[in-house]
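Asker: Contents of query-v3.txt (compact mmCIF, C-alpha atoms and all ligand atoms) are given next:
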```
# COMPACT_ATOMS: atom_id res chain seq x y z
CA MET A 26 0.00 0.00 0.00
CA LYS A 27 1.24 3.50 -0.82
CA ARG A 28 1.77 5.49 2.37
CA PHE A 29 1.03 8.95 0.97
CA GLU A 30 -1.93 8.33 -1.33
CA GLY A 31 -4.13 11.46 -1.32
CA LYS A 32 -1.54 13.53 0.60
CA THR A 33 0.18 16.73 -0.52
CA ALA A 34 3.67 17.73 0.54
CA ILE A 35 5.60 20.97 0.28
CA VAL A 36 9.35 20.35 0.08
CA THR A 37 11.45 23.52 0.05
CA GLY A 38 14.73 23.67 -1.85
CA ALA A 39 13.91 20.58 -3.86
CA SER A 40 15.06 21.15 -7.44
CA ARG A 41 18.10 18.93 -6.79
CA GLY A 42 20.02 17.13 -4.03
CA ILE A 43 18.39 15.97 -0.81
CA GLY A 44 15.14 17.87 -1.41
CA LEU A 45 14.62 16.28 -4.82
CA ALA A 46 15.35 12.80 -3.43
CA ILE A 47 12.76 13.41 -0.69
CA ALA A 48 10.22 14.59 -3.29
CA GLU A 49 10.95 11.55 -5.49
CA ARG A 50 10.43 9.18 -2.60
CA LEU A 51 7.16 10.85 -1.59
CA VAL A 52 5.81 10.75 -5.15
CA SER A 53 6.81 7.09 -5.51
CA GLU A 54 4.64 6.44 -2.44
CA GLY A 55 1.62 8.27 -3.83
CA ALA A 56 2.06 11.91 -2.68
CA ARG A 57 1.67 15.01 -4.79
CA VAL A 58 4.51 17.40 -4.12
CA VAL A 59 5.06 21.12 -4.37
CA ILE A 60 8.76 21.88 -4.68
CA THR A 61 10.56 25.19 -4.39
CA GLY A 62 13.91 26.66 -5.37
CA ARG A 63 15.22 29.95 -6.69
CA THR A 64 15.79 28.90 -10.31
CA LYS A 65 12.72 28.24 -12.45
CA GLU A 66 14.51 26.20 -15.14
CA THR A 67 15.91 23.60 -12.73
CA LEU A 68 12.56 23.47 -10.94
CA ASP A 69 10.82 22.74 -14.27
CA GLU A 70 13.31 19.93 -14.94
CA ALA A 71 12.67 18.50 -11.49
CA VAL A 72 8.88 18.64 -11.97
CA ALA A 73 9.30 16.69 -15.24
CA ARG A 74 11.48 14.14 -13.44
CA LEU A 75 8.77 13.75 -10.79
CA GLY A 76 6.20 12.82 -13.45
CA GLY A 77 4.80 16.21 -14.48
CA PRO A 78 1.88 18.32 -13.28
CA ALA A 79 -0.27 15.41 -12.08
CA HIS A 80 2.36 14.66 -9.43
CA ALA A 81 4.36 17.83 -8.90
CA LEU A 82 4.26 21.59 -9.02
CA GLY A 83 7.26 23.92 -8.87
CA VAL A 84 7.09 27.40 -7.34
CA ALA A 85 10.19 29.56 -7.80
CA GLY A 86 11.35 31.89 -5.06
CA LYS A 87 13.61 32.41 -2.06
CA ALA A 88 12.70 30.30 0.95
CA ALA A 89 12.89 33.30 3.30
CA ASP A 90 10.62 35.52 1.20
CA PRO A 91 7.20 35.84 2.91
CA ALA A 92 5.39 36.56 -0.39
CA HIS A 93 6.90 33.40 -1.94
CA GLN A 94 5.89 31.34 1.10
CA ALA A 95 2.30 32.60 0.95
CA ASP A 96 2.14 32.05 -2.81
CA THR A 97 3.46 28.49 -2.51
CA VAL A 98 0.98 27.49 0.18
CA ARG A 99 -1.85 29.05 -1.83
CA GLN A 100 -0.80 27.27 -5.03
CA ALA A 101 -0.46 23.95 -3.19
CA THR A 102 -3.98 24.09 -1.77
CA GLU A 103 -5.43 25.32 -5.08
CA ALA A 104 -3.71 22.66 -7.18
CA PHE A 105 -3.92 19.67 -4.85
CA GLY A 106 -6.47 20.58 -2.16
CA SER A 107 -4.36 20.20 1.01
CA VAL A 108 -0.94 20.60 2.63
CA ASP A 109 -0.57 17.51 4.78
CA LEU A 110 3.21 17.32 4.85
CA LEU A 111 6.00 19.91 5.05
CA VAL A 112 9.72 19.40 4.67
CA ASN A 113 11.83 22.42 5.57
CA ASN A 114 14.83 21.41 3.51
CA THR A 115 16.34 24.72 2.41
CA GLY A 116 19.57 25.56 4.17
CA VAL A 117 22.41 27.93 3.36
CA ASN A 118 26.02 28.10 4.43
CA PRO A 119 27.61 31.12 2.76
CA VAL A 120 30.68 31.56 4.99
CA TYR A 121 33.72 29.49 5.94
CA GLY A 122 36.06 30.48 8.75
CA PRO A 123 36.43 30.93 12.51
CA MET A 124 33.35 32.20 14.30
CA ILE A 125 35.33 34.92 16.04
CA GLU A 126 35.82 36.57 12.62
CA LEU A 127 32.26 36.00 11.42
CA ASP A 128 30.61 38.76 9.42
CA LEU A 129 27.43 39.44 11.39
CA GLU A 130 25.43 40.26 8.27
CA ALA A 131 26.23 36.77 6.95
CA ALA A 132 25.22 35.33 10.34
CA ARG A 133 21.85 37.10 10.14
CA LYS A 134 21.29 35.67 6.66
CA ILE A 135 22.03 32.13 7.86
CA VAL A 136 19.61 32.40 10.79
CA GLU A 137 17.02 34.08 8.57
CA THR A 138 17.00 31.27 5.99
CA ASN A 139 17.83 28.20 8.09
CA CYS A 140 15.66 29.00 11.15
CA LEU A 141 13.21 31.88 10.83
CA ALA A 142 12.09 30.94 7.33
CA ALA A 143 11.55 27.35 8.50
CA LEU A 144 9.38 28.63 11.35
CA SER A 145 7.48 30.88 8.98
CA TRP A 146 6.74 27.95 6.61
CA ILE A 147 5.42 25.98 9.58
CA GLN A 148 3.24 28.90 10.70
CA ARG A 149 1.79 29.22 7.23
CA VAL A 150 0.96 25.55 6.62
CA HIS A 151 -0.39 25.42 10.16
CA GLY A 152 -2.77 28.31 9.48
CA ALA A 153 -3.75 27.16 6.00
CA TRP A 154 -4.33 23.45 6.67
CA MET A 155 -2.67 21.56 9.52
CA LYS A 156 -4.32 23.37 12.43
CA GLU A 157 -7.68 22.04 11.29
CA HIS A 158 -6.70 18.76 9.60
CA GLY A 159 -3.40 17.70 11.19
CA GLY A 160 -0.13 16.97 9.44
CA SER A 161 3.48 15.98 9.68
CA ILE A 162 6.60 18.12 9.41
CA VAL A 163 10.29 17.31 9.03
CA ASN A 164 13.05 19.90 9.42
CA VAL A 165 16.35 19.15 7.71
CA ALA A 166 19.12 19.96 10.18
CA SER A 167 22.70 18.59 10.13
CA VAL A 168 25.18 16.72 12.31
CA SER A 169 26.83 20.14 12.66
CA GLY A 170 23.82 21.06 14.80
CA VAL A 171 24.54 18.13 17.10
CA GLN A 172 28.27 18.57 17.61
CA PRO A 173 30.56 21.55 16.96
CA ALA A 174 31.53 22.08 13.32
CA PRO A 175 34.77 24.05 13.06
CA MET A 176 34.85 26.71 10.31
CA ILE A 177 31.12 26.41 9.63
CA GLY A 178 30.13 27.31 13.18
CA MET A 179 27.18 29.60 12.53
CA TYR A 180 25.70 27.10 10.07
CA GLY A 181 25.93 24.49 12.84
CA ALA A 182 24.49 26.89 15.40
CA SER A 183 21.56 27.60 13.09
CA LYS A 184 20.91 23.86 12.73
CA ALA A 185 21.07 23.48 16.54
CA MET A 186 18.45 26.22 16.76
CA LEU A 187 16.33 24.38 14.20
CA LEU A 188 16.58 21.23 16.33
CA SER A 189 15.51 23.16 19.42
CA MET A 190 12.57 24.66 17.53
CA THR A 191 11.60 21.16 16.38
CA GLU A 192 11.30 19.97 19.99
CA LEU A 193 9.29 22.98 21.11
CA LEU A 194 6.92 22.89 18.16
CA ALA A 195 6.37 19.15 18.66
CA VAL A 196 5.14 19.90 22.17
CA GLU A 197 2.96 22.81 21.02
CA LEU A 198 1.42 21.15 17.96
CA GLY A 199 0.57 17.68 19.24
CA PRO A 200 -1.53 15.58 19.13
CA ASP A 201 -2.52 16.10 15.50
CA ILE A 202 0.70 17.49 14.06
CA ARG A 203 4.05 15.73 14.46
CA VAL A 204 7.31 17.66 14.07
CA ASN A 205 10.63 15.85 13.66
CA ALA A 206 14.09 16.54 12.31
CA ILE A 207 16.95 14.77 10.62
CA ALA A 208 20.67 15.45 10.91
CA PRO A 209 22.71 14.15 7.97
CA ALA A 210 26.51 13.99 7.78
CA VAL A 211 28.11 14.51 4.35
CA VAL A 212 25.70 13.68 1.53
CA LYS A 213 26.93 13.84 -2.06
CA THR A 214 25.15 16.93 -3.39
CA LYS A 215 26.22 20.23 -4.94
CA PHE A 216 26.00 21.85 -1.49
CA ALA A 217 28.64 19.50 -0.06
CA THR A 218 30.93 19.23 -3.11
CA ALA A 219 33.69 21.33 -1.55
CA LEU A 220 33.75 18.98 1.45
CA TYR A 221 34.45 15.78 -0.47
CA GLU A 222 35.59 16.54 -4.01
CA GLY A 223 38.98 14.99 -4.71
CA ARG A 224 39.07 13.18 -1.34
CA GLU A 225 35.93 11.11 -1.22
CA ARG A 226 37.68 7.80 -0.48
CA GLU A 227 39.79 9.30 2.29
CA LEU A 228 36.74 10.95 3.86
CA ALA A 229 34.54 7.86 3.47
CA ASP A 230 37.14 5.68 5.20
CA ALA A 231 36.42 7.55 8.44
CA TYR A 232 32.79 6.43 8.29
CA PRO A 233 31.98 3.06 9.89
CA LEU A 234 29.76 2.35 6.86
CA LYS A 235 32.70 3.31 4.56
CA ARG A 236 30.78 5.57 2.23
CA LEU A 237 29.35 9.07 2.11
CA GLY A 238 25.61 9.60 2.00
CA GLU A 239 23.48 9.57 -1.14
CA PRO A 240 20.38 11.79 -1.33
CA GLU A 241 18.23 8.61 -1.40
CA ASP A 242 19.60 7.64 2.05
CA ILE A 243 17.88 10.76 3.35
CA GLY A 244 14.68 10.49 1.31
CA SER A 245 13.76 7.12 2.80
CA VAL A 246 14.15 8.30 6.41
CA VAL A 247 12.21 11.52 5.84
CA ALA A 248 9.40 9.50 4.23
CA PHE A 249 9.32 7.26 7.30
CA LEU A 250 9.13 10.22 9.69
CA LEU A 251 6.36 11.84 7.64
CA SER A 252 4.35 8.64 7.43
CA ALA A 253 1.93 6.98 9.83
CA ASP A 254 4.67 4.38 10.46
CA ALA A 255 6.22 7.06 12.70
CA GLY A 256 2.85 7.88 14.29
CA TRP A 257 4.20 7.82 17.86
CA ILE A 258 7.37 9.80 17.15
CA THR A 259 7.49 13.56 17.56
CA GLY A 260 10.14 16.09 18.52
CA GLN A 261 12.95 13.72 17.61
CA ASN A 262 16.10 14.15 15.57
CA VAL A 263 17.26 11.21 13.49
CA VAL A 264 21.01 11.31 12.83
CA ILE A 265 21.73 9.87 9.37
CA ASP A 266 25.49 9.72 9.21
CA GLY A 267 26.93 6.32 8.31
CA GLY A 268 28.05 6.18 11.94
CA VAL A 269 30.61 8.97 11.63
CA THR A 270 29.59 11.02 14.64
CA LEU A 271 30.21 7.98 16.87
CA VAL A 272 33.77 7.74 15.59
CA ALA A 273 34.34 11.46 16.06
CA ALA A 274 33.00 11.21 19.61
CA ALA A 275 35.33 8.29 20.39
CA SER A 276 38.50 9.89 19.01
N1 LIG A 301 24.71 17.72 1.51
C1 LIG A 301 25.10 17.57 2.75
O1 LIG A 301 26.18 17.02 3.03
C2 LIG A 301 24.21 18.01 3.89
C3 LIG A 301 24.51 17.56 5.18
C4 LIG A 301 23.71 17.94 6.25
C5 LIG A 301 22.61 18.75 6.01
N2 LIG A 301 22.35 19.19 4.75
C6 LIG A 301 21.18 20.05 4.57
O2 LIG A 301 20.37 19.50 3.56
C7 LIG A 301 19.62 20.55 2.96
C8 LIG A 301 19.68 20.39 1.44
O3 LIG A 301 21.03 20.45 1.03
P1 LIG A 301 21.57 19.77 -0.31
O4 LIG A 301 22.87 19.19 0.04
O5 LIG A 301 20.54 18.93 -0.93
O6 LIG A 301 21.82 21.08 -1.20
P2 LIG A 301 21.83 21.28 -2.79
O7 LIG A 301 22.08 20.02 -3.53
O8 LIG A 301 22.73 22.44 -3.04
O9 LIG A 301 20.31 21.71 -3.11
C9 LIG A 301 19.80 22.88 -2.55
C10 LIG A 301 18.39 23.11 -3.07
O10 LIG A 301 17.83 24.23 -2.42
C11 LIG A 301 17.57 25.29 -3.35
N3 LIG A 301 17.91 26.53 -2.65
C12 LIG A 301 19.13 26.96 -2.24
N4 LIG A 301 19.04 28.13 -1.59
C13 LIG A 301 17.71 28.45 -1.59
C14 LIG A 301 16.96 29.54 -1.07
N5 LIG A 301 17.55 30.55 -0.42
N6 LIG A 301 15.63 29.54 -1.25
C15 LIG A 301 15.01 28.52 -1.92
N7 LIG A 301 15.67 27.47 -2.43
C16 LIG A 301 17.00 27.44 -2.25
C17 LIG A 301 18.42 24.96 -4.56
O11 LIG A 301 17.91 25.47 -5.77
P3 LIG A 301 18.35 26.95 -6.31
O12 LIG A 301 19.83 27.01 -6.22
O13 LIG A 301 17.80 27.03 -7.68
O14 LIG A 301 17.68 27.89 -5.37
C18 LIG A 301 18.34 23.43 -4.55
O15 LIG A 301 17.11 22.99 -5.07
C19 LIG A 301 20.16 21.85 3.52
O16 LIG A 301 19.32 22.30 4.57
C20 LIG A 301 21.50 21.46 4.10
O17 LIG A 301 21.88 22.28 5.18
C21 LIG A 301 23.11 18.84 3.69
```
Please render this file's structure as C-alpha cells.
Ligand SMILES: NC(=O)c1ccc[n+]([C@@H]2O[C@H](COP(=O)([O-])OP(=O)(O)OC[C@H]3O[C@@H](n4cnc5c(N)ncnc54)[C@H](OP(=O)(O)O)[C@@H]3O)[C@@H](O)[C@H]2O)c1
Answerer:
Amino acid sequence: MKRFEGKTAIVTGASRGIGLAIAERLVSEGARVVITGRTKETLDEAVARLGGPAHALGVAGKAADPAHQADTVRQATEAFGSVDLLVNNTGVNPVYGPMIELDLEAARKIVETNCLAALSWIQRVHGAWMKEHGGSIVNVASVSGVQPAPMIGMYGASKAMLLSMTELLAVELGPDIRVNAIAPAVVKTKFATALYEGRERELADAYPLKRLGEPEDIGSVVAFLLSADAGWITGQNVVIDGGVTLVAAAS
C-alpha cells in the first residue's frame, strides 16, 4: 500500500540534491509534491522528473521571502487541495572560517533562511491546513547542529536552533501534528561538493559504513518520519550519518 496516497507535501529547496530525493520518494509512495527553489529552469526539470503536473508543481522563489511562502501554500492548496506534509529542507552556508571573525550580516542571513524561514513555513501551513486537519513536518538539520563544526560554526548553530525549535513545536502542535528533524553527515550533493571533491575515499574511510551519504539515504528516512509508520514519534532528531559522529565522539 502507498503510504502517501491522497496527501500533498511541500518540500522547500527541492530542485536537486536531498530535497529532490525526498520529493521523489514521496511521489513514488503516492504523494503530490510542491517543490521550491530559486531557479525556475531547474525546478521545471525537477517537476518533469517527478512525473509532471499530475504529481508535482514547482514554485520559484527564495525560501525566506514571505510573499513566496504565501504564494506556494496558496498554489499547493489550489492545485492539490491540502498541505498535509512539510519538509523544511532549504539551508544555506555562505561563509567558511572561525566564528570569532564572522561577518554578522552573513550570520543574520544564515539564521534568517535556516531558522526563521523554516518557522514561517510551519506557521503558514499550520494556518492554512494543519491546524484544522493535522499533518506531519520534518526539518532538515545537520550533524553540525549536534556537535561543533569548526569553520562552519554559525551554520551548525543555526541547525542546533532548528533542532531546538523542532522539539518545542512538537510539544505545542501535538496531538494532530508531528514535528521531527533529521541530521545528515556529508551527503553527495552540490551543497557538499567542496567537502568531499577529490578526497571522497579518504573521507569515506572515516565512516563506519565506509561511504558518504546519497540523497536517497535521506529520502527514505524523511518519508518514514512523515508517514503513519512514525505515528508515535514527535520532537525527535534522526542522525543519518553512516556512523561517523560515533567515531568522532570516540576519538
Ligand atoms: N549535503 C550535505 O552534506 C548536507 C549535510 C547535512 C545537512 N544538509 C542540509 O540539507 C539541505 C539540502 O542540502 P543539499 O545538500 O541537498 O543542497 P543542494 O544540492 O545544493 O540543493 C539545494 C536546493 O535548495 C535550493 N535553494 C538553495 N538556496 C535556496 C533559497 N535561499 N531559497 C530557496 N531554495 C533554495 C536549490 O535550488 P536553487 O539554487 O535554484 O535555489 C536546490 O534545489 C540543507 O538544509 C542542508 O543544510 C546537507
Asker: Quote the spacing between atom C16 of ligand LIG 301 (chain A) and atom CA of A:Gly62 in Å to one decimal place.
Answerer: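 Computed distance, atom C16 of ligand LIG 301 (chain A) to atom CA of A:Gly62, equals 4.5 Å.
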Asker: Enclose ligand LIG 301 (chain A), meaning all of its atoms listed in the file, in a box aligned along x, y and z, pad it by 3 Å on each side, and list the centre and edge lengths in Å to one decimal, as JSON.
Answerer:
```
{"center_x": 20.6, "center_y": 23.8, "center_z": -0.7, "size_x": 17.2, "size_y": 19.5, "size_z": 19.9}
```
Asker: Residues near A:Ala81, anyone? I mean within 9 Å using only C-alpha atoms, not counting same-chain ones fewer than 3 positions away, as a PDB file with C-alpha atoms, in the coordinates of the input.
Answerer:
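This went into part.pdb:
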```pdb
ATOM      1  CA  ALA A  48      10.220  14.590  -3.290  1.00  0.00           C
ATOM      2  CA  VAL A  52       5.810  10.750  -5.150  1.00  0.00           C
ATOM      3  CA  ALA A  56       2.060  11.910  -2.680  1.00  0.00           C
ATOM      4  CA  ARG A  57       1.670  15.010  -4.790  1.00  0.00           C
ATOM      5  CA  VAL A  58       4.510  17.400  -4.120  1.00  0.00           C
ATOM      6  CA  VAL A  59       5.060  21.120  -4.370  1.00  0.00           C
ATOM      7  CA  ILE A  60       8.760  21.880  -4.680  1.00  0.00           C
ATOM      8  CA  ALA A  71      12.670  18.500 -11.490  1.00  0.00           C
ATOM      9  CA  VAL A  72       8.880  18.640 -11.970  1.00  0.00           C
ATOM     10  CA  ALA A  73       9.300  16.690 -15.240  1.00  0.00           C
ATOM     11  CA  LEU A  75       8.770  13.750 -10.790  1.00  0.00           C
ATOM     12  CA  GLY A  76       6.200  12.820 -13.450  1.00  0.00           C
ATOM     13  CA  GLY A  77       4.800  16.210 -14.480  1.00  0.00           C
ATOM     14  CA  PRO A  78       1.880  18.320 -13.280  1.00  0.00           C
TER      15      PRO A  78
END
```
Asker: Set the distance at 7 Å and use all atoms listed in the file: which residues neighbour stretch 136-149 of chain A once local chain neighbours fewer than 5 positions away are removed? I'd like the list as a PDB file with C-alpha atoms, keeping the file's coordinate frame.
Answerer:
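As written to disk, around_9.pdb reads:
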```
ATOM      1  CA  ALA A  88      12.700  30.300   0.950  1.00  0.00           C
ATOM      2  CA  ALA A  89      12.890  33.300   3.300  1.00  0.00           C
ATOM      3  CA  GLN A  94       5.890  31.340   1.100  1.00  0.00           C
ATOM      4  CA  ASN A 113      11.830  22.420   5.570  1.00  0.00           C
ATOM      5  CA  THR A 115      16.340  24.720   2.410  1.00  0.00           C
ATOM      6  CA  GLY A 116      19.570  25.560   4.170  1.00  0.00           C
ATOM      7  CA  VAL A 117      22.410  27.930   3.360  1.00  0.00           C
ATOM      8  CA  SER A 183      21.560  27.600  13.090  1.00  0.00           C
ATOM      9  CA  MET A 186      18.450  26.220  16.760  1.00  0.00           C
ATOM     10  CA  LEU A 187      16.330  24.380  14.200  1.00  0.00           C
TER      11      LEU A 187
END
```
Asker: Considering all atoms listed in the file, state which residue in the set A:Ala104, A:Ile135, A:Leu45, A:Val120 is at the smallest distance from A:Arg74.
Answerer: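 Closest to A:Arg74, using all atoms listed in the file: A:Leu45.
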Asker: Pick out the residues no farther than 7 Å from ligand LIG 301 (chain A), counting all atoms listed in the file, and list them as a PDB file with C-alpha atoms, in the frame of the given file.
Answerer:
```
ATOM      1  CA  THR A  37      11.450  23.520   0.050  1.00  0.00           C
ATOM      2  CA  GLY A  38      14.730  23.670  -1.850  1.00  0.00           C
ATOM      3  CA  ALA A  39      13.910  20.580  -3.860  1.00  0.00           C
ATOM      4  CA  SER A  40      15.060  21.150  -7.440  1.00  0.00           C
ATOM      5  CA  ARG A  41      18.100  18.930  -6.790  1.00  0.00           C
ATOM      6  CA  GLY A  42      20.020  17.130  -4.030  1.00  0.00           C
ATOM      7  CA  ILE A  43      18.390  15.970  -0.810  1.00  0.00           C
ATOM      8  CA  GLY A  44      15.140  17.870  -1.410  1.00  0.00           C
ATOM      9  CA  THR A  61      10.560  25.190  -4.390  1.00  0.00           C
ATOM     10  CA  GLY A  62      13.910  26.660  -5.370  1.00  0.00           C
ATOM     11  CA  ARG A  63      15.220  29.950  -6.690  1.00  0.00           C
ATOM     12  CA  THR A  64      15.790  28.900 -10.310  1.00  0.00           C
ATOM     13  CA  THR A  67      15.910  23.600 -12.730  1.00  0.00           C
ATOM     14  CA  GLY A  86      11.350  31.890  -5.060  1.00  0.00           C
ATOM     15  CA  LYS A  87      13.610  32.410  -2.060  1.00  0.00           C
ATOM     16  CA  ALA A  88      12.700  30.300   0.950  1.00  0.00           C
ATOM     17  CA  ALA A  89      12.890  33.300   3.300  1.00  0.00           C
ATOM     18  CA  ASN A 114      14.830  21.410   3.510  1.00  0.00           C
ATOM     19  CA  THR A 115      16.340  24.720   2.410  1.00  0.00           C
ATOM     20  CA  GLY A 116      19.570  25.560   4.170  1.00  0.00           C
ATOM     21  CA  VAL A 117      22.410  27.930   3.360  1.00  0.00           C
ATOM     22  CA  THR A 138      17.000  31.270   5.990  1.00  0.00           C
ATOM     23  CA  VAL A 165      16.350  19.150   7.710  1.00  0.00           C
ATOM     24  CA  ALA A 166      19.120  19.960  10.180  1.00  0.00           C
ATOM     25  CA  SER A 167      22.700  18.590  10.130  1.00  0.00           C
ATOM     26  CA  VAL A 168      25.180  16.720  12.310  1.00  0.00           C
ATOM     27  CA  ALA A 208      20.670  15.450  10.910  1.00  0.00           C
ATOM     28  CA  PRO A 209      22.710  14.150   7.970  1.00  0.00           C
ATOM     29  CA  ALA A 210      26.510  13.990   7.780  1.00  0.00           C
ATOM     30  CA  VAL A 211      28.110  14.510   4.350  1.00  0.00           C
ATOM     31  CA  VAL A 212      25.700  13.680   1.530  1.00  0.00           C
ATOM     32  CA  LYS A 213      26.930  13.840  -2.060  1.00  0.00           C
ATOM     33  CA  THR A 214      25.150  16.930  -3.390  1.00  0.00           C
ATOM     34  CA  LYS A 215      26.220  20.230  -4.940  1.00  0.00           C
ATOM     35  CA  PHE A 216      26.000  21.850  -1.490  1.00  0.00           C
ATOM     36  CA  ALA A 217      28.640  19.500  -0.060  1.00  0.00           C
TER      37      ALA A 217
END
```
Asker: For atom CA of A:Asn118 and atom CA of A:Lys235, quote the distance in Å rounded to one decimal.
Answerer: 25.7 Å
Asker: A:Val269, A:Glu126, A:Arg50, A:Ile35: which is nearest A:Ser169, counting all atoms listed in the file?
Answerer: A:Val269
Asker: Which of these residues is nearest to A:Thr191, using only C-alpha atoms: A:Glu70, A:Leu110, A:Thr259, A:Gly170?
Answerer: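 Ranked by minimum distance to A:Thr191, first place goes to A:Thr259.
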Asker: With all atoms listed in the file as the counted atoms, please give the residues lying no more than 10 Å from A:Pro119, apart from itself and same-chain residues fewer than 2 positions off, as an mmCIF file with C-alpha atoms, keeping the file's coordinate frame.
Answerer:
```
data_model
loop_
_atom_site.group_PDB
_atom_site.id
_atom_site.type_symbol
_atom_site.label_atom_id
_atom_site.label_comp_id
_atom_site.auth_asym_id
_atom_site.auth_seq_id
_atom_site.Cartn_x
_atom_site.Cartn_y
_atom_site.Cartn_z
ATOM 1 C CA GLY A 116 19.570 25.560 4.170
ATOM 2 C CA VAL A 117 22.410 27.930 3.360
ATOM 3 C CA TYR A 121 33.720 29.490 5.940
ATOM 4 C CA ALA A 131 26.230 36.770 6.950
ATOM 5 C CA ALA A 132 25.220 35.330 10.340
ATOM 6 C CA LYS A 134 21.290 35.670 6.660
ATOM 7 C CA ILE A 135 22.030 32.130 7.860
ATOM 8 C CA ILE A 177 31.120 26.410 9.630
ATOM 9 C CA MET A 179 27.180 29.600 12.530
ATOM 10 C CA TYR A 180 25.700 27.100 10.070
#
```
Asker: Which is closer to A:Thr97 than all the others in A:Val36, A:Ser53, A:Glu241, A:Leu127, using all atoms listed in the file?
Answerer: A:Val36
Asker: One number please: atom CA of A:Ile243 to atom CA of A:Gly268, in Å, one decimal.
Answerer: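 One can read the atom CA of A:Ile243 to atom CA of A:Gly268 distance as 14.1 Å.
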Asker: Using all atoms listed in the file, which of A:Ala174, A:Leu194, A:Ile47, A:Ala34 sits nearest A:Gln261?
Answerer: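 Smallest distance to A:Gln261 is found for A:Leu194.
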Asker: Between A:Glu54, A:Glu66, A:Ala95, A:Gly267, which has the minimum distance to A:His80 (counting only C-alpha atoms)?
Answerer: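 Looking at the shortest contact to A:His80, the residue is A:Glu54.
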Asker: Which residues are near A:Val171? Cut-off 12 Å, all atoms listed in the file, ignore same chain within fewer than 6 positions. Put them as a list in words.
Answerer: Gly178, Tyr180, Gly181, Ala182, Ser183, Lys184, Ala185, Met186, Leu187, Leu188, Ser189, Ala206, Ile207, Ala208, Pro209, Ala210, Asn262, Val263, Val264, Ile265, Asp266, Thr270, Leu271, Ala273 and Ala274 of chain A
Asker: Might you pull out every residue within 8 Å of A:Ser107, with all atoms listed in the file counted and same-chain residues fewer than 2 positions away left off, and present them as JSON, numbers by chain?
Answerer: {"A": [32, 33, 101, 102, 105, 109, 154]}
